[in-house]
Each structure stands twice: as C-alpha cells, then as structure tokens.
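Chemist: Input file: work-v4.cif. Contents: mmCIF, C-alpha atoms (C1' of nucleotides).
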data_work
#
loop_
_atom_site.label_atom_id
_atom_site.label_comp_id
_atom_site.auth_asym_id
_atom_site.auth_seq_id
_atom_site.Cartn_x
_atom_site.Cartn_y
_atom_site.Cartn_z
CA MET P 1 0.00 0.00 0.00
CA PRO P 2 1.94 2.95 -1.25
CA GLU P 3 2.44 5.65 1.35
CA LEU P 4 4.81 8.58 1.20
CA PRO P 5 8.07 6.57 1.03
CA GLU P 6 6.80 4.29 -1.71
CA VAL P 7 5.34 7.11 -3.80
CA GLU P 8 8.48 9.22 -3.37
CA THR P 9 10.67 6.27 -4.40
CA ILE P 10 8.67 5.95 -7.60
CA ARG P 11 8.74 9.70 -8.19
CA ARG P 12 12.52 9.81 -7.91
CA GLN P 13 12.89 6.92 -10.32
CA LEU P 14 10.57 8.41 -12.93
CA ALA P 15 11.07 12.17 -12.69
CA SER P 16 14.06 12.55 -14.98
CA ARG P 17 12.88 9.84 -17.34
CA LEU P 18 9.49 11.49 -17.87
CA GLN P 19 10.66 15.08 -18.11
CA GLY P 20 10.18 16.49 -21.60
CA ARG P 21 8.39 13.41 -22.90
CA LEU P 22 5.54 13.81 -25.36
CA ILE P 23 2.40 11.74 -24.75
CA LEU P 24 1.53 10.31 -28.16
CA GLU P 25 -1.28 7.98 -27.20
CA ALA P 26 -3.03 6.68 -24.10
CA ASP P 27 -5.74 4.28 -23.09
CA SER P 28 -7.38 3.09 -19.90
CA HIS P 29 -9.76 0.77 -18.17
CA PRO P 30 -13.34 2.03 -18.74
CA SER P 31 -13.86 3.05 -15.11
CA GLU P 32 -14.08 6.79 -14.61
CA LYS P 33 -11.35 6.37 -12.05
CA PHE P 34 -8.92 5.86 -14.90
CA THR P 35 -10.37 7.36 -18.11
CA PRO P 36 -8.91 10.82 -17.43
CA ALA P 37 -5.58 9.30 -18.46
CA VAL P 38 -6.48 9.78 -22.13
CA ALA P 39 -7.10 13.50 -21.61
CA SER P 40 -3.34 13.99 -21.48
CA ILE P 41 -2.75 12.87 -25.06
CA GLY P 42 -0.77 15.44 -27.03
CA ALA P 43 0.76 17.11 -23.98
CA THR P 44 4.40 17.09 -22.94
CA ILE P 45 5.40 16.18 -19.39
CA GLN P 46 7.40 18.97 -17.79
CA GLY P 47 8.10 17.43 -14.42
CA LEU P 48 6.93 15.01 -11.75
CA SER P 49 6.21 16.18 -8.22
CA ARG P 50 4.44 14.72 -5.23
CA LYS P 51 2.02 15.94 -2.60
CA GLY P 52 1.40 13.37 0.11
CA LYS P 53 0.52 10.17 -1.73
CA TYR P 54 -0.37 11.95 -4.98
CA LEU P 55 1.97 12.03 -7.96
CA ILE P 56 1.56 15.15 -10.07
CA ALA P 57 2.89 15.33 -13.63
CA SER P 58 2.87 18.93 -14.83
CA LEU P 59 1.94 19.23 -18.50
CA ASN P 60 2.98 21.91 -20.97
CA ASP P 61 -0.63 22.96 -21.59
CA GLY P 62 -1.21 24.27 -18.06
CA ARG P 63 -2.77 21.11 -16.75
CA GLU P 64 -1.62 18.41 -14.36
CA LEU P 65 -1.94 14.65 -14.66
CA ILE P 66 -2.61 13.42 -11.15
CA ILE P 67 -2.04 9.82 -10.20
CA HIS P 68 -2.94 8.08 -6.94
CA LEU P 69 -1.76 4.51 -6.50
CA GLY P 70 -4.43 3.44 -4.01
CA MET P 71 -3.61 0.16 -2.30
CA THR P 72 -2.02 -1.83 -5.07
CA GLY P 73 -1.00 0.64 -7.74
CA SER P 74 2.37 0.77 -9.44
CA LEU P 75 4.00 2.69 -12.28
CA ALA P 76 6.72 1.53 -14.64
CA LEU P 77 8.28 2.33 -17.99
CA ALA P 78 8.30 -0.45 -20.56
CA PRO P 79 9.08 -0.85 -24.28
CA GLN P 80 5.47 -1.87 -24.90
CA VAL P 81 2.21 -2.55 -23.10
CA PRO P 82 2.53 -5.93 -21.37
CA ASP P 83 -0.16 -8.59 -21.64
CA ASP P 84 -1.46 -8.11 -18.11
CA PRO P 85 -5.14 -7.89 -17.10
CA TYR P 86 -4.38 -5.53 -14.22
CA ILE P 87 -3.01 -2.69 -16.31
CA ARG P 88 -5.57 0.10 -15.83
CA ALA P 89 -3.91 2.79 -17.96
CA TRP P 90 -0.92 3.40 -20.22
CA TRP P 91 0.64 6.37 -21.96
CA LEU P 92 2.69 5.89 -25.12
CA LEU P 93 5.60 8.35 -25.01
CA ASP P 94 8.02 9.44 -27.67
CA ARG P 95 11.14 7.30 -28.19
CA ASP P 96 9.03 4.10 -28.07
CA GLU P 97 8.44 3.88 -24.34
CA VAL P 98 5.18 3.31 -22.48
CA LEU P 99 4.31 4.48 -18.98
CA ILE P 100 2.34 1.65 -17.39
CA TYR P 101 -0.17 2.05 -14.56
CA ARG P 102 -1.03 -1.26 -12.92
CA ASP P 103 -3.56 -1.54 -10.09
CA VAL P 104 -5.02 -4.92 -9.20
CA ARG P 105 -7.70 -3.69 -6.82
CA ARG P 106 -8.59 -0.50 -8.64
CA PHE P 107 -8.41 1.63 -5.50
CA GLY P 108 -6.20 4.11 -7.30
CA ARG P 109 -7.34 6.93 -9.53
CA ILE P 110 -6.17 9.24 -12.27
CA ARG P 111 -7.20 12.83 -12.97
CA CYS P 112 -6.22 15.49 -15.47
CA VAL P 113 -7.02 18.99 -14.21
CA PRO P 114 -5.95 22.61 -14.69
CA ALA P 115 -2.82 23.08 -12.59
CA GLY P 116 -3.67 23.52 -8.93
CA GLN P 117 -7.39 23.11 -9.40
CA TYR P 118 -8.07 20.27 -7.03
CA ASP P 119 -11.72 20.82 -6.13
CA SER P 120 -12.61 17.48 -7.72
CA ILE P 121 -9.96 15.78 -5.56
CA PRO P 122 -10.94 16.76 -2.03
CA THR P 123 -8.28 14.70 -0.25
CA LEU P 124 -5.61 16.49 -2.26
CA ALA P 125 -7.26 19.91 -1.98
CA ASP P 126 -7.70 19.67 1.79
CA GLN P 127 -4.57 17.81 2.76
CA GLY P 128 -2.06 19.21 5.21
CA PRO P 129 1.66 19.78 4.69
CA ASP P 130 3.63 16.95 3.19
CA ALA P 131 5.34 15.06 6.00
CA LEU P 132 8.80 15.63 4.51
CA SER P 133 8.28 19.33 3.73
CA ILE P 134 9.48 22.24 5.85
CA ASP P 135 5.85 23.19 6.40
CA PHE P 136 5.36 20.14 8.61
CA THR P 137 6.19 21.58 12.01
CA PRO P 138 5.44 20.25 15.52
CA GLU P 139 3.39 23.28 16.51
CA ALA P 140 1.24 23.31 13.37
CA PHE P 141 0.78 19.56 13.73
CA TYR P 142 -0.31 19.94 17.35
CA GLN P 143 -2.75 22.70 16.46
CA ALA P 144 -4.19 20.65 13.59
CA LEU P 145 -4.70 17.62 15.85
CA ARG P 146 -6.48 19.81 18.41
CA LYS P 147 -9.13 20.78 15.88
CA SER P 148 -10.68 17.32 15.68
CA LYS P 149 -12.09 14.94 18.25
CA ARG P 150 -11.50 11.89 16.08
CA ARG P 151 -8.96 9.25 17.11
CA ILE P 152 -5.36 10.21 16.38
CA PRO P 153 -4.80 7.43 13.77
CA THR P 154 -8.02 8.40 12.01
CA GLN P 155 -6.83 11.99 11.88
CA LEU P 156 -3.49 10.90 10.48
CA PHE P 157 -5.15 8.82 7.78
CA SER P 158 -7.39 11.75 6.81
CA GLN P 159 -4.24 13.44 5.42
CA LYS P 160 -5.28 16.71 7.04
CA PRO P 161 -2.81 17.23 9.91
CA VAL P 162 -0.06 15.83 7.68
CA ALA P 163 0.02 14.30 4.21
CA GLY P 164 1.55 10.98 3.21
CA VAL P 165 0.86 8.75 6.21
CA GLY P 166 -1.03 5.45 5.95
CA ASN P 167 -1.50 2.48 8.22
CA ILE P 168 2.02 1.05 8.13
CA TYR P 169 4.00 4.18 8.94
CA GLY P 170 1.23 5.51 11.16
CA ASN P 171 1.39 2.38 13.31
CA GLU P 172 5.16 2.60 13.51
CA ALA P 173 5.14 6.26 14.50
CA LEU P 174 2.50 5.78 17.20
CA TRP P 175 4.60 2.97 18.66
CA ILE P 176 7.77 5.05 18.63
CA ALA P 177 5.98 8.02 20.19
CA GLY P 178 4.22 5.84 22.79
CA ILE P 179 0.72 6.95 21.87
CA HIS P 180 -2.24 4.60 22.18
CA PRO P 181 -4.24 4.43 18.94
CA ALA P 182 -7.56 4.99 20.71
CA LYS P 183 -6.52 8.46 21.90
CA ARG P 184 -8.40 11.45 20.54
CA GLN P 185 -6.48 14.26 22.19
CA ILE P 186 -2.77 14.35 22.93
CA SER P 187 -0.55 16.88 24.67
CA ARG P 188 1.76 19.28 22.87
CA ALA P 189 4.67 17.14 24.08
CA ALA P 190 3.08 13.98 22.69
CA ALA P 191 2.31 15.70 19.39
CA THR P 192 5.92 16.78 19.19
CA ARG P 193 7.07 13.19 19.79
CA LEU P 194 4.63 11.93 17.16
CA HIS P 195 5.85 14.55 14.69
CA ALA P 196 9.45 13.44 15.17
CA ALA P 197 8.45 9.76 14.98
CA LEU P 198 6.58 10.30 11.71
CA VAL P 199 9.55 12.04 10.12
CA GLU P 200 11.85 9.31 11.42
CA VAL P 201 9.83 6.35 10.10
CA LEU P 202 9.02 7.99 6.76
CA GLU P 203 12.67 8.86 6.16
CA ALA P 204 13.70 5.36 7.16
CA GLY P 205 11.10 3.86 4.84
CA LEU P 206 12.33 6.05 2.02
CA ALA P 207 15.95 5.11 2.70
CA ASN P 208 14.89 1.46 2.48
CA GLY P 209 13.06 1.98 -0.80
CA GLY P 210 9.63 1.47 0.76
CA THR P 211 7.78 -1.43 2.37
CA THR P 212 6.80 -4.46 0.28
CA LEU P 213 4.32 -6.67 2.11
CA ARG P 214 2.80 -8.12 -1.01
CA ASP P 215 2.05 -5.85 -3.93
CA TYR P 216 4.34 -2.88 -3.75
CA ARG P 217 7.02 -2.61 -6.44
CA ASN P 218 8.97 0.47 -7.38
CA ALA P 219 9.19 1.81 -10.95
CA ASP P 220 11.93 -0.69 -11.74
CA GLY P 221 9.79 -3.58 -10.53
CA ASP P 222 11.88 -4.10 -7.40
CA GLU P 223 10.64 -4.66 -3.86
CA GLY P 224 11.43 -2.33 -1.00
CA SER P 225 13.12 -3.61 2.16
CA HIS P 226 11.51 -1.62 4.96
CA GLN P 227 9.25 -4.57 5.81
CA HIS P 228 12.27 -6.03 7.59
CA ALA P 229 12.58 -2.91 9.75
CA LEU P 230 8.98 -2.74 11.00
CA ALA P 231 8.78 -2.76 14.79
CA CYS P 232 5.01 -2.70 15.22
CA TYR P 233 2.87 -3.00 12.09
CA GLY P 234 1.92 -6.63 11.45
CA ARG P 235 3.63 -7.85 14.64
CA SER P 236 0.53 -8.43 16.79
CA GLY P 237 1.18 -11.21 19.29
CA GLN P 238 4.93 -10.83 19.02
CA PRO P 239 6.99 -9.20 21.79
CA CYS P 240 7.42 -5.45 21.84
CA LEU P 241 10.99 -4.65 20.83
CA ARG P 242 11.27 -2.24 23.77
CA CYS P 243 9.57 -4.05 26.66
CA ALA P 244 8.81 -7.57 25.39
CA THR P 245 5.10 -7.23 26.20
CA PRO P 246 3.10 -9.00 23.47
CA LEU P 247 1.80 -6.46 20.96
CA GLN P 248 -1.97 -6.30 20.51
CA HIS P 249 -4.17 -5.28 17.63
CA ARG P 250 -7.64 -3.74 17.55
CA THR P 251 -9.90 -2.23 14.98
CA TYR P 252 -10.58 1.48 15.38
CA ASP P 253 -12.75 3.26 12.83
CA ALA P 254 -12.50 0.30 10.45
CA ARG P 255 -8.68 0.26 10.52
CA THR P 256 -6.52 -2.35 12.20
CA LEU P 257 -4.04 -0.80 14.61
CA THR P 258 -1.23 -2.70 16.28
CA PHE P 259 0.22 -1.34 19.51
CA CYS P 260 2.07 -2.17 22.70
CA PRO P 261 -0.30 -2.01 25.69
CA GLN P 262 2.69 -1.24 27.94
CA CYS P 263 4.53 1.39 25.91
CA GLN P 264 1.38 3.00 24.49
CA PRO P 265 -0.90 3.46 27.53
CA ARG P 266 -4.40 4.77 27.10
"C1'" DC L 14 -19.64 21.48 8.61
"C1'" DG L 15 -17.87 17.33 10.88
"C1'" DC L 16 -18.07 12.83 10.78
"C1'" DA L 17 -19.88 7.89 10.80
"C1'" DG L 18 -20.85 4.39 7.71
"C1'" DC L 19 -20.69 2.24 3.51
"C1'" DG L 20 -18.96 0.93 -1.12
"C1'" DC L 21 -15.43 0.11 -4.15
"C1'" DC L 22 -12.06 -3.97 -5.51
"C1'" DT L 23 -9.35 -8.51 -5.61
"C1'" DG L 24 -6.36 -12.13 -3.96
"C1'" DA L 25 -4.93 -14.50 0.02
"C1'" DA L 26 -5.93 -17.05 3.90
"C1'" DG L 27 -8.73 -19.58 6.97
"C1'" DG L 28 -12.77 -22.59 8.02
"C1'" DC L 29 -15.34 -26.58 7.11
"C1'" DT E 17 -9.70 -30.79 -2.68
"C1'" DG E 18 -12.69 -27.14 -3.14
"C1'" DC E 19 -16.07 -23.93 -1.97
"C1'" DC E 20 -17.35 -20.17 0.94
"C1'" DT E 21 -16.36 -16.39 4.05
"C1'" DT E 22 -13.52 -13.00 5.87
"C1'" DC E 23 -10.01 -9.70 5.67
"C1'" DA E 24 -6.94 -5.96 4.07
"C1'" DG E 25 -7.55 -0.48 3.61
"C1'" DG E 26 -7.24 4.62 0.91
"C1'" DC E 27 -10.51 7.39 -0.44
"C1'" DG E 28 -15.08 9.12 -2.37
"C1'" DC E 29 -19.68 9.60 -1.42
"C1'" DT E 30 -24.03 9.90 1.23
"C1'" DG E 31 -26.72 11.32 4.80
"C1'" DC E 32 -27.31 12.56 9.57
#
Go ahead and express the file in the form of structure tokens.

Modeler:
Amino acid sequence: MPELPEVETIRRQLASRLQGRLILEADSHPSEKFTPAVASIGATIQGLSRKGKYLIASLNDGRELIIHLGMTGSLALAPQVPDDPYIRAWWLLDRDEVLIYRDVRRFGRIRCVPAGQYDSIPTLADQGPDALSIDFTPEAFYQALRKSKRRIPTQLFSQKPVAGVGNIYGNEALWIAGIHPAKRQISRAAATRLHAALVEVLEAGLANGGTTLRDYRNADGDEGSHQHALACYGRSGQPCLRCATPLQHRTYDARTLTFCPQCQPR
DNA sequence: CGCAGCGCCTGAAGGC
DNA sequence: TGCCTTCAGGCGCTGC
C-alpha cells in the first residue's frame, strides 16, 4: 500500500525519465477512475512532483496529470504494453516507451485537471503539509490535531494534519511516540514526539526503498526492504521490541491498529 | 460542517 | 480438494 516513502521512491525513479516526454497515445480501463488518463494525449510532461501520496505530472498545456496509487498501484516504464489484465492505464511516449499504470484492486485513480485546481480531488485539496516538507512543524501539527475529536490514527489517515501517512508508517510512529491508537487528544509534548516519529519512520522507509508486504514494487519492478525494519505493524502477538510485552491489535474506525499495551498506555 | 458508515475492488488465507 | 467467508484499507460519497 503505497504511502509517502513508496510514492516518493517511484517519483525519484521516474522524474528525470518522464521530463520532456511527449504523450503520443493513451488508453485506460473504462472506469471513470482511470479514463482521465487519455485526456493527457498530445501534452508534454514537464516534471513530476508529489504531494502526500499523490503524484503530479505537470503538463505543458497548463494542466496536471494526477495519479494516486491506491492500495495496489504501481508505475513503470516499458518498451510496450505488457499482456497483463491488471493494467488500468498506459501512456505511449516518444522514443518508443510506455508508462504503465497497474492496479489490481482498482483503488487508485487518475485525474487530469488545470494546474492547482483540485476541487474534484478533495483529499488532495484539503490535505495538510507533506510530511517531509518544511511546512510540517510540531506546533502546526499539534494545532491541527487539536481541531478534531477523532482518534489520532483516524486523523493521520485523513491526510489533514499531515500528508503521506497510511496504516504502516502511522502504526510505527504511534509505537515510537508511545501513543495509544484509541486516543483522541494528545498533549503538545506527545504531538511533538509523534511529529518526530513520523519524520523518522518515513525517512527510514524512504531510505529502504519502501515497504513491500505483497504488492508494492517500485518503478523498476523491485521490492522495498523496509518490511524487515517494522517494529510494530503486522507484529501483533509478538513481543514489543522495547519491553517484550506482546503487541496487541484492535480495529478502530475500520482500521486495524497494532500497539504495545505497555509502551502505548491509554 | 464534521463525521460515521458504507462501497469500491481482488487475492490471500482460513474454516469446514 | 474445493467452496465459501472474511479480511486488508485509501478514499469518495451519502446522509445525519
């Protein structure tokens, strides 16, 4: 499930290879989630940026091609379109190369909009500062968390206090910061710890090329390695790496959270 | 306006 | 062995 480190890994791999490329042809799965891919035909890609989990290709006609990878999405460059039923969109570029968008579960989506006009993409329009940007500060994070009475993990996953965090890195950061996932309000000190923990785990995930539990592959088709560094996510029942108490898991707001009942008191 | 609940999707895993 | 059920979860949408 691509979160910030996975999306950024893909962005770094593709940015220079897509810059200046002309989109000659495109096609997509018939779902409206993906058909906007064809709207980019005839444009030239000027650059590839990222906001949270969204990839944004700026086009030379004043628009942006926006790609979200959902749970199982991946992007790759290939000489031709592979024979693969899970390819949901492709863009034929100049110099005989095809950008391939593969998404088994179709949770991803593609849009083509005037640059910066994100009203049809509310999660992008309303999202907070990217977790690895200078705008993500402890004080702003604390103030954003104070605005809502929802559980802290639910707020994180809303992308509003900070953009780019999903279940894996959210679980890890809550464990590092010692914050129970059922909490709805946390102190300024706890928010500061969580801020630092988020930056730490996201940077570590990026350094490891992302987390591959099952589907995730980078733009070269390779797996990440951060799954070997996870201390909390997916380790329910196993001993906490700090205190050896067995980790527990519970569902909050339809999301499974793993935590240490000792290190993350309610 | 905030938010709870549901739907979208498919493959893997577990139960019988 | 094989069928059925459950689960995973990011995000959009609906309705309270």

Chemist: Give the residues of chain L that lie within 10 Å of chain P; count all atoms listed in the file, and format the answer as a PyMOL selection string.

Modeler: chain L and resi 15-18+21-24

Chemist: Determine, for each residue of range 202-244 of chain P having at least one atom at most 12 Å from an atom of range 95-102 of chain P, the closest pair of atoms and their separation in Å to one decimal, counting all atoms listed in the file; order by chain and ascending number, as JSON lines.

Modeler:
{"residue": "P:Asp215", "atom": "CA", "partner": "P:Arg102", "partner_atom": "CA", "distance": 10.6}
{"residue": "P:Tyr216", "atom": "CA", "partner": "P:Arg102", "partner_atom": "CA", "distance": 10.7}
{"residue": "P:Arg217", "atom": "CA", "partner": "P:Arg102", "partner_atom": "CA", "distance": 10.4}
{"residue": "P:Asn218", "atom": "CA", "partner": "P:Arg102", "partner_atom": "CA", "distance": 11.6}
{"residue": "P:Ala219", "atom": "CA", "partner": "P:Ile100", "partner_atom": "CA", "distance": 9.4}
{"residue": "P:Asp220", "atom": "CA", "partner": "P:Ile100", "partner_atom": "CA", "distance": 11.4}
{"residue": "P:Gly221", "atom": "CA", "partner": "P:Arg102", "partner_atom": "CA", "distance": 11.3}

Chemist: Evaluate the PyMOL selection byres ((chain E) within 12 of (chain P)) and record the selected residues as an mmCIF file with C-alpha atoms (C1' of nucleotides), in the frame of the given file, following the chain and residue labels used in the document.

Modeler:
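Once everything was written out, this is result.cif:
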data_model
loop_
_atom_site.group_PDB
_atom_site.id
_atom_site.type_symbol
_atom_site.label_atom_id
_atom_site.label_comp_id
_atom_site.auth_asym_id
_atom_site.auth_seq_id
_atom_site.Cartn_x
_atom_site.Cartn_y
_atom_site.Cartn_z
ATOM 1 C "C1'" DC E 23 -10.010 -9.700 5.670
ATOM 2 C "C1'" DA E 24 -6.940 -5.960 4.070
ATOM 3 C "C1'" DG E 25 -7.550 -0.480 3.610
ATOM 4 C "C1'" DG E 26 -7.240 4.620 0.910
ATOM 5 C "C1'" DC E 27 -10.510 7.390 -0.440
ATOM 6 C "C1'" DG E 28 -15.080 9.120 -2.370
ATOM 7 C "C1'" DC E 29 -19.680 9.600 -1.420
#

Chemist: Select, from P:Glu200, P:Asp83, P:Glu8, P:Glu25, the residue with the minimum atom-to-atom distance to Gly170 in chain P, counting all atoms listed in the file.

Modeler: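 Going through P:Glu200, P:Asp83, P:Glu8, P:Glu25 one by one, the smallest distance to Gly170 in chain P is for P:Glu200.
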
Chemist: In Å, with one decimal, what is the gap from CA of Asp222 in chain P to CA of Leu202 in chain P?

Modeler: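 So the answer is 18.8 Å.
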
Chemist: Distance CA of His29 in chain P-CA of Val81 in chain P, one decimal place?

Modeler: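 For CA of His29 in chain P relative to CA of Val81 in chain P, the distance reads 13.4 Å.
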
Chemist: One number please: CA of Gln143 in chain P to CA of Ala173 in chain P, in Å, one decimal.

Modeler: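 Going from CA of Gln143 in chain P over to CA of Ala173 in chain P covers 18.3 Å.
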
Chemist: Given the PyMOL selection byres ((chain P and resi 185) around 9) and the file above, list the residues it selects as a ChimeraX atom specification.

Modeler: /P:145-146,148-152,183-184,186-187

Chemist: Go through the shown structure with the PyMOL selection byres ((chain P and resi 257-266) around 10) and write out the matching residues as an MDAnalysis selection string.

Modeler: chainID P and resid 153 167:168 170:172 174:183 231:256

Chemist: Selected residues, C-alpha atoms, written as a PDB file, in the frame of the given file, please.

Modeler:
ATOM      1  CA  PRO P 153      -4.800   7.430  13.770  1.00  0.00           C
ATOM      2  CA  ASN P 167      -1.500   2.480   8.220  1.00  0.00           C
ATOM      3  CA  ILE P 168       2.020   1.050   8.130  1.00  0.00           C
ATOM      4  CA  GLY P 170       1.230   5.510  11.160  1.00  0.00           C
ATOM      5  CA  ASN P 171       1.390   2.380  13.310  1.00  0.00           C
ATOM      6  CA  GLU P 172       5.160   2.600  13.510  1.00  0.00           C
ATOM      7  CA  LEU P 174       2.500   5.780  17.200  1.00  0.00           C
ATOM      8  CA  TRP P 175       4.600   2.970  18.660  1.00  0.00           C
ATOM      9  CA  ILE P 176       7.770   5.050  18.630  1.00  0.00           C
ATOM     10  CA  ALA P 177       5.980   8.020  20.190  1.00  0.00           C
ATOM     11  CA  GLY P 178       4.220   5.840  22.790  1.00  0.00           C
ATOM     12  CA  ILE P 179       0.720   6.950  21.870  1.00  0.00           C
ATOM     13  CA  HIS P 180      -2.240   4.600  22.180  1.00  0.00           C
ATOM     14  CA  PRO P 181      -4.240   4.430  18.940  1.00  0.00           C
ATOM     15  CA  ALA P 182      -7.560   4.990  20.710  1.00  0.00           C
ATOM     16  CA  LYS P 183      -6.520   8.460  21.900  1.00  0.00           C
ATOM     17  CA  ALA P 231       8.780  -2.760  14.790  1.00  0.00           C
ATOM     18  CA  CYS P 232       5.010  -2.700  15.220  1.00  0.00           C
ATOM     19  CA  TYR P 233       2.870  -3.000  12.090  1.00  0.00           C
ATOM     20  CA  GLY P 234       1.920  -6.630  11.450  1.00  0.00           C
ATOM     21  CA  ARG P 235       3.630  -7.850  14.640  1.00  0.00           C
ATOM     22  CA  SER P 236       0.530  -8.430  16.790  1.00  0.00           C
ATOM     23  CA  GLY P 237       1.180 -11.210  19.290  1.00  0.00           C
ATOM     24  CA  GLN P 238       4.930 -10.830  19.020  1.00  0.00           C
ATOM     25  CA  PRO P 239       6.990  -9.200  21.790  1.00  0.00           C
ATOM     26  CA  CYS P 240       7.420  -5.450  21.840  1.00  0.00           C
ATOM     27  CA  LEU P 241      10.990  -4.650  20.830  1.00  0.00           C
ATOM     28  CA  ARG P 242      11.270  -2.240  23.770  1.00  0.00           C
ATOM     29  CA  CYS P 243       9.570  -4.050  26.660  1.00  0.00           C
ATOM     30  CA  ALA P 244       8.810  -7.570  25.390  1.00  0.00           C
ATOM     31  CA  THR P 245       5.100  -7.230  26.200  1.00  0.00           C
ATOM     32  CA  PRO P 246       3.100  -9.000  23.470  1.00  0.00           C
ATOM     33  CA  LEU P 247       1.800  -6.460  20.960  1.00  0.00           C
ATOM     34  CA  GLN P 248      -1.970  -6.300  20.510  1.00  0.00           C
ATOM     35  CA  HIS P 249      -4.170  -5.280  17.630  1.00  0.00           C
ATOM     36  CA  ARG P 250      -7.640  -3.740  17.550  1.00  0.00           C
ATOM     37  CA  THR P 251      -9.900  -2.230  14.980  1.00  0.00           C
ATOM     38  CA  TYR P 252     -10.580   1.480  15.380  1.00  0.00           C
ATOM     39  CA  ASP P 253     -12.750   3.260  12.830  1.00  0.00           C
ATOM     40  CA  ALA P 254     -12.500   0.300  10.450  1.00  0.00           C
ATOM     41  CA  ARG P 255      -8.680   0.260  10.520  1.00  0.00           C
ATOM     42  CA  THR P 256      -6.520  -2.350  12.200  1.00  0.00           C
TER      43      THR P 256
END

Chemist: If you take every atom of range 19-26 of chain L that the file lists and fit an axis-aligned box around them with 5 Å extra on each side, what centre and edge lengths come out in Å to one decimal, as AutoDock Vina command-line options?

Modeler:
--center_x -12.8 --center_y -7.4 --center_z -0.9 --size_x 25.8 --size_y 29.3 --size_z 19.5
